[in-house]
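Asker: Mind having a look at this structure? Questions to follow.
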Amino acid sequence: MSQDYSSTEMMAIACSRRIKNDDIVFCGTGLPMLAAVTAKMTSAPDCVIFFETGAMDPALLEIPLTVADPRVMYKSSHNGSLADAFSYMQNQQSGSKVLGILSGAQIDIFGNLNSTQIGEYENLSVRLPGSGGACDVATSVGRTFIFMRHETRRFVKQLDYLTSPGWLSGGTSREENGLPGGGPEYVITSLGVLAFEEKTKRMYLTSFYKFTSPGEIQKNTGFELDTSLAKPEKPPTSDELKILRNRVDPLRLILR
């Protein structure tokens, strides 16, 4: 790329801009960690970050490598357990305030995710890690963001396996199936940011990065994507990049 930032940095910053100041962020490792901590240091200083291992609102002076890294516990408001974290997330009152950040190997037009397998169940080509806590997050929290590399093999018409429900078959199908959480709000990819139409819940392109275009994004999507509302995503500012590189991940534990 000709610009002075990577697609990983663009993804982390694009996500951080969409985290609200009053969000309670259920955070995993990798890109979600970069995005959440960047938001905490920029546009959403009052957001609360917590981890499935039970650490709530730690200082995060250094970016943790995993959710079990001792750094997630430093100066935390509460150090509990996995059961505490998931109970809080699934609590009817607190759960609606939680933002979960997920990922997967495949996603469809309604934001349903596959992180279990590629190929037919009886004849797998790839066995993936599985749900972990992703299905619990997807079915419980107030809303989710999803990180994806934007490739046709990932953005598919039909999942090989439904691991974590998004908007199911669209419309009111999620509510009709008794899922209490709010479903996906944004999909942040290596090429742009996608959202979901209010009534149909079909995915559409809302913004694209400086180094790509709506046409290229459609070519890398395995289903028809509405790009008519897409606008350029503002490139990272020098302050955002400085904070991400020098304060969030100065040792390049996640950034490369």
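Following the order of the structure tokens, first chain is A, next is B, and so on, with residues numbered from 1 inside each chain and ligands from 1 in the order they appear.
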If you run DSSP on the backbone, which residues of stretch 156-247 of chain A are strand (DSSP E), as a count of residues only?

Answerer: 19

Asker: For the contact check between stretch 45-151 of chain A and stretch 232-246 of chain A, emit one row per residue of stretch 45-151 of chain A within 12 Å, containing the shortest atom pair and the distance in Å rounded to one decimal, counting only C-alpha atoms, chain then rising number order, as CSV.

Answerer:
residue,atom,partner,partner_atom,distance
A:Leu61,CA,A:Asn246,CA,11.7
A:Glu62,CA,A:Asn246,CA,10.7
A:Ile63,CA,A:Leu244,CA,10.6

Asker: With C-alpha atoms kept, could you save the residues just selected as a short mmCIF file (atom, residue, chain, number, x, y, z; two decimals), in the first residue's frame?

Answerer:
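Everything below was put into again.cif:
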data_model
loop_
_atom_site.label_atom_id
_atom_site.label_comp_id
_atom_site.auth_asym_id
_atom_site.auth_seq_id
_atom_site.Cartn_x
_atom_site.Cartn_y
_atom_site.Cartn_z
CA LEU A 61 -1.06 -0.03 30.69
CA GLU A 62 0.31 -2.69 28.34
CA ILE A 63 -1.68 -4.62 25.75
#

Asker: Interatomic distance between atom CA of A:Val25 and atom CA of A:Ile49?

Answerer: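 Taking atom CA of A:Val25 and atom CA of A:Ile49, their separation equals 4.7 Å.
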
Asker: Extract, using only C-alpha atoms, all DNA, RNA and protein residues at most 12 Å from A:Gly170, discarding same-chain residues fewer than 3 positions from it, and format them as a PyMOL selection string.

Answerer: chain A and resi 108-112+165-167+173-177+183-184+196-203

Asker: Keeping only C-alpha atoms, write the selected residues as a PDB file, in the first residue's frame.

Answerer:
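Saved as part-v4.pdb:
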ATOM      1  CA  ASP A 108     -23.269 -14.439   5.406  1.00  0.00           C
ATOM      2  CA  ILE A 109     -25.413 -11.473   4.381  1.00  0.00           C
ATOM      3  CA  PHE A 110     -27.272 -11.513   7.725  1.00  0.00           C
ATOM      4  CA  GLY A 111     -24.129 -11.526   9.858  1.00  0.00           C
ATOM      5  CA  ASN A 112     -24.301 -15.191  10.882  1.00  0.00           C
ATOM      6  CA  PRO A 165     -26.197 -16.361  15.012  1.00  0.00           C
ATOM      7  CA  GLY A 166     -26.375 -12.864  13.598  1.00  0.00           C
ATOM      8  CA  TRP A 167     -29.746 -11.775  12.223  1.00  0.00           C
ATOM      9  CA  SER A 173     -36.372 -13.948  12.652  1.00  0.00           C
ATOM     10  CA  ARG A 174     -33.923 -13.404  15.498  1.00  0.00           C
ATOM     11  CA  GLU A 175     -36.654 -12.240  17.859  1.00  0.00           C
ATOM     12  CA  GLU A 176     -38.989 -15.005  16.661  1.00  0.00           C
ATOM     13  CA  ASN A 177     -36.356 -17.571  17.639  1.00  0.00           C
ATOM     14  CA  GLY A 183     -27.455  -8.790  16.927  1.00  0.00           C
ATOM     15  CA  PRO A 184     -24.575  -7.426  14.811  1.00  0.00           C
ATOM     16  CA  PHE A 196     -27.255  -3.914   8.439  1.00  0.00           C
ATOM     17  CA  GLU A 197     -30.452  -2.513   6.956  1.00  0.00           C
ATOM     18  CA  GLU A 198     -32.926  -1.678   9.714  1.00  0.00           C
ATOM     19  CA  LYS A 199     -35.886  -3.782   8.516  1.00  0.00           C
ATOM     20  CA  THR A 200     -34.462  -6.556   6.329  1.00  0.00           C
ATOM     21  CA  LYS A 201     -31.222  -6.902   8.334  1.00  0.00           C
ATOM     22  CA  ARG A 202     -29.310  -7.461   5.099  1.00  0.00           C
ATOM     23  CA  MET A 203     -25.681  -6.360   5.091  1.00  0.00           C
TER      24      MET A 203
END

Asker: So that I can see what lies close to A:Thr53, please list as a list in words the residues with an atom at most 9 Å from it, counting only C-alpha atoms and leaving out residues fewer than 5 positions away in the same chain.

Answerer: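 After dropping sequence-adjacent residues, the list is Val67, Ala68, Val72, Asn79, Gly80, Ser81, Leu82, Ala83, Asp84 and Ala85 of chain A.
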
Asker: With distances taken over only C-alpha atoms, which residue among A:Ala134, A:Cys47, A:Ile107, A:Leu31 lies nearest A:Val187?

Answerer: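 Among the listed residues, the smallest separation from A:Val187 belongs to A:Ile107.
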
Asker: Pick out the residues sitting within 8 Å of A:Gly181, and hand them over as a PyMOL selection string; count only C-alpha atoms, and ignore anything fewer than 6 positions along from it in its own chain.

Answerer: chain A and resi 95-96+138-143

Asker: Enumerate as an MDAnalysis selection string all residues of stretch 28-237 of chain A assigned to alpha helix (DSSP H) by DSSP on the backbone, naming them with the chain letters and numbers the document uses.

Answerer: chainID A and resid 31:41 82:90 92:95 134:140 173:176 214:219

Asker: With C-alpha atoms retained, could you export that selection as a PDB file, in the first residue's frame?

Answerer:
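Full text of out-v1.pdb as output:
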ATOM      1  CA  LEU A  31      -7.766  -6.821  16.805  1.00  0.00           C
ATOM      2  CA  PRO A  32     -10.643  -6.449  19.314  1.00  0.00           C
ATOM      3  CA  MET A  33      -8.074  -5.611  21.977  1.00  0.00           C
ATOM      4  CA  LEU A  34      -6.386  -3.012  19.758  1.00  0.00           C
ATOM      5  CA  ALA A  35      -9.726  -1.402  18.923  1.00  0.00           C
ATOM      6  CA  ALA A  36     -11.072  -1.329  22.471  1.00  0.00           C
ATOM      7  CA  VAL A  37      -7.915   0.087  24.044  1.00  0.00           C
ATOM      8  CA  THR A  38      -7.548   2.673  21.257  1.00  0.00           C
ATOM      9  CA  ALA A  39     -11.144   3.784  21.890  1.00  0.00           C
ATOM     10  CA  LYS A  40     -10.405   4.009  25.610  1.00  0.00           C
ATOM     11  CA  MET A  41      -7.451   6.303  24.870  1.00  0.00           C
ATOM     12  CA  LEU A  82     -15.347 -16.941  33.557  1.00  0.00           C
ATOM     13  CA  ALA A  83     -18.706 -17.666  35.188  1.00  0.00           C
ATOM     14  CA  ASP A  84     -18.846 -14.107  36.563  1.00  0.00           C
ATOM     15  CA  ALA A  85     -18.070 -12.606  33.160  1.00  0.00           C
ATOM     16  CA  PHE A  86     -20.706 -14.624  31.293  1.00  0.00           C
ATOM     17  CA  SER A  87     -23.294 -14.137  34.025  1.00  0.00           C
ATOM     18  CA  TYR A  88     -22.796 -10.392  33.795  1.00  0.00           C
ATOM     19  CA  MET A  89     -23.031 -10.500  29.995  1.00  0.00           C
ATOM     20  CA  GLN A  90     -26.230 -12.563  30.084  1.00  0.00           C
ATOM     21  CA  GLN A  92     -31.065  -9.016  31.465  1.00  0.00           C
ATOM     22  CA  GLN A  93     -30.145  -5.529  32.679  1.00  0.00           C
ATOM     23  CA  SER A  94     -26.379  -5.417  32.172  1.00  0.00           C
ATOM     24  CA  GLY A  95     -26.333  -7.576  29.011  1.00  0.00           C
ATOM     25  CA  ALA A 134     -18.732 -16.626  20.687  1.00  0.00           C
ATOM     26  CA  CYS A 135     -22.227 -18.112  20.460  1.00  0.00           C
ATOM     27  CA  ASP A 136     -22.962 -16.987  24.028  1.00  0.00           C
ATOM     28  CA  VAL A 137     -21.836 -13.478  23.166  1.00  0.00           C
ATOM     29  CA  ALA A 138     -23.784 -13.389  19.887  1.00  0.00           C
ATOM     30  CA  THR A 139     -27.010 -14.488  21.570  1.00  0.00           C
ATOM     31  CA  SER A 140     -26.773 -12.389  24.740  1.00  0.00           C
ATOM     32  CA  SER A 173     -36.372 -13.948  12.652  1.00  0.00           C
ATOM     33  CA  ARG A 174     -33.923 -13.404  15.498  1.00  0.00           C
ATOM     34  CA  GLU A 175     -36.654 -12.240  17.859  1.00  0.00           C
ATOM     35  CA  GLU A 176     -38.989 -15.005  16.661  1.00  0.00           C
ATOM     36  CA  PRO A 214     -16.954  -0.210  -3.599  1.00  0.00           C
ATOM     37  CA  GLY A 215     -16.323  -2.155  -6.813  1.00  0.00           C
ATOM     38  CA  GLU A 216     -13.326  -3.981  -5.364  1.00  0.00           C
ATOM     39  CA  ILE A 217     -15.277  -4.762  -2.197  1.00  0.00           C
ATOM     40  CA  GLN A 218     -18.106  -6.267  -4.248  1.00  0.00           C
ATOM     41  CA  LYS A 219     -15.584  -8.423  -6.149  1.00  0.00           C
TER      42      LYS A 219
END

Asker: Of the candidates A:Leu65, A:Lys75, A:Cys15, A:Cys27, which one gets nearest to A:Ile254 if we count only C-alpha atoms?

Answerer: A:Leu65

Asker: In Å to one decimal, how far is atom CA of A:Val98 from atom CA of A:Asp23?

Answerer: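 That distance, rounded to one decimal, is 6.4 Å.
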
Asker: Contacts of A:Ser77 at 12 Å or less, counting only C-alpha atoms, minus same-chain residues fewer than 3 places along, as a list in words?

Answerer: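 In the requested format, the answer is Val48, Ile49, Phe50, Gly54, Ala55, Met56, Asp57, Pro58, Ala59, Leu60, Val72, Met73, Tyr74 and Gly80 of chain A.
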
Asker: How would the residues just picked look written out with C-alpha atoms as a compact mmCIF listing (two decimals), in the first residue's frame?

Answerer:
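Output saved as result39.txt:
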# COMPACT_ATOMS: atom_id res chain seq x y z
CA VAL A 48 -15.49 -0.17 30.32
CA ILE A 49 -13.55 -3.16 28.98
CA PHE A 50 -13.93 -6.63 30.47
CA GLY A 54 -13.37 -12.25 34.79
CA ALA A 55 -11.26 -9.06 34.84
CA MET A 56 -13.43 -5.93 34.77
CA ASP A 57 -12.11 -2.47 33.80
CA PRO A 58 -8.33 -3.02 34.21
CA ALA A 59 -5.77 -0.25 33.70
CA LEU A 60 -4.35 -1.88 30.52
CA VAL A 72 -5.79 -7.96 32.05
CA MET A 73 -6.02 -8.05 35.85
CA TYR A 74 -3.78 -5.11 36.72
CA GLY A 80 -13.75 -12.74 39.06

Asker: What separation in Å, quoted to one decimal, exists between atom CA of A:Ile188 and atom CA of A:Pro250?

Answerer: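 Atom CA of A:Pro250 lies at a distance of 23.0 Å from atom CA of A:Ile188.
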
Asker: So that I can see what lies close to stretch 119-124 of chain A, please list as a PyMOL selection string the residues with an atom at most 12 Å from it, counting only C-alpha atoms and leaving out residues fewer than 3 positions away in the same chain.

Answerer: chain A and resi 105-106+114-116+127-128+153+158-162

Asker: So which one's closest to A:Leu191, A:Asp69, A:Glu9, A:Glu52, A:Asp4? Using only C-alpha atoms, please.

Answerer: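 Nearest to A:Leu191: A:Glu9.
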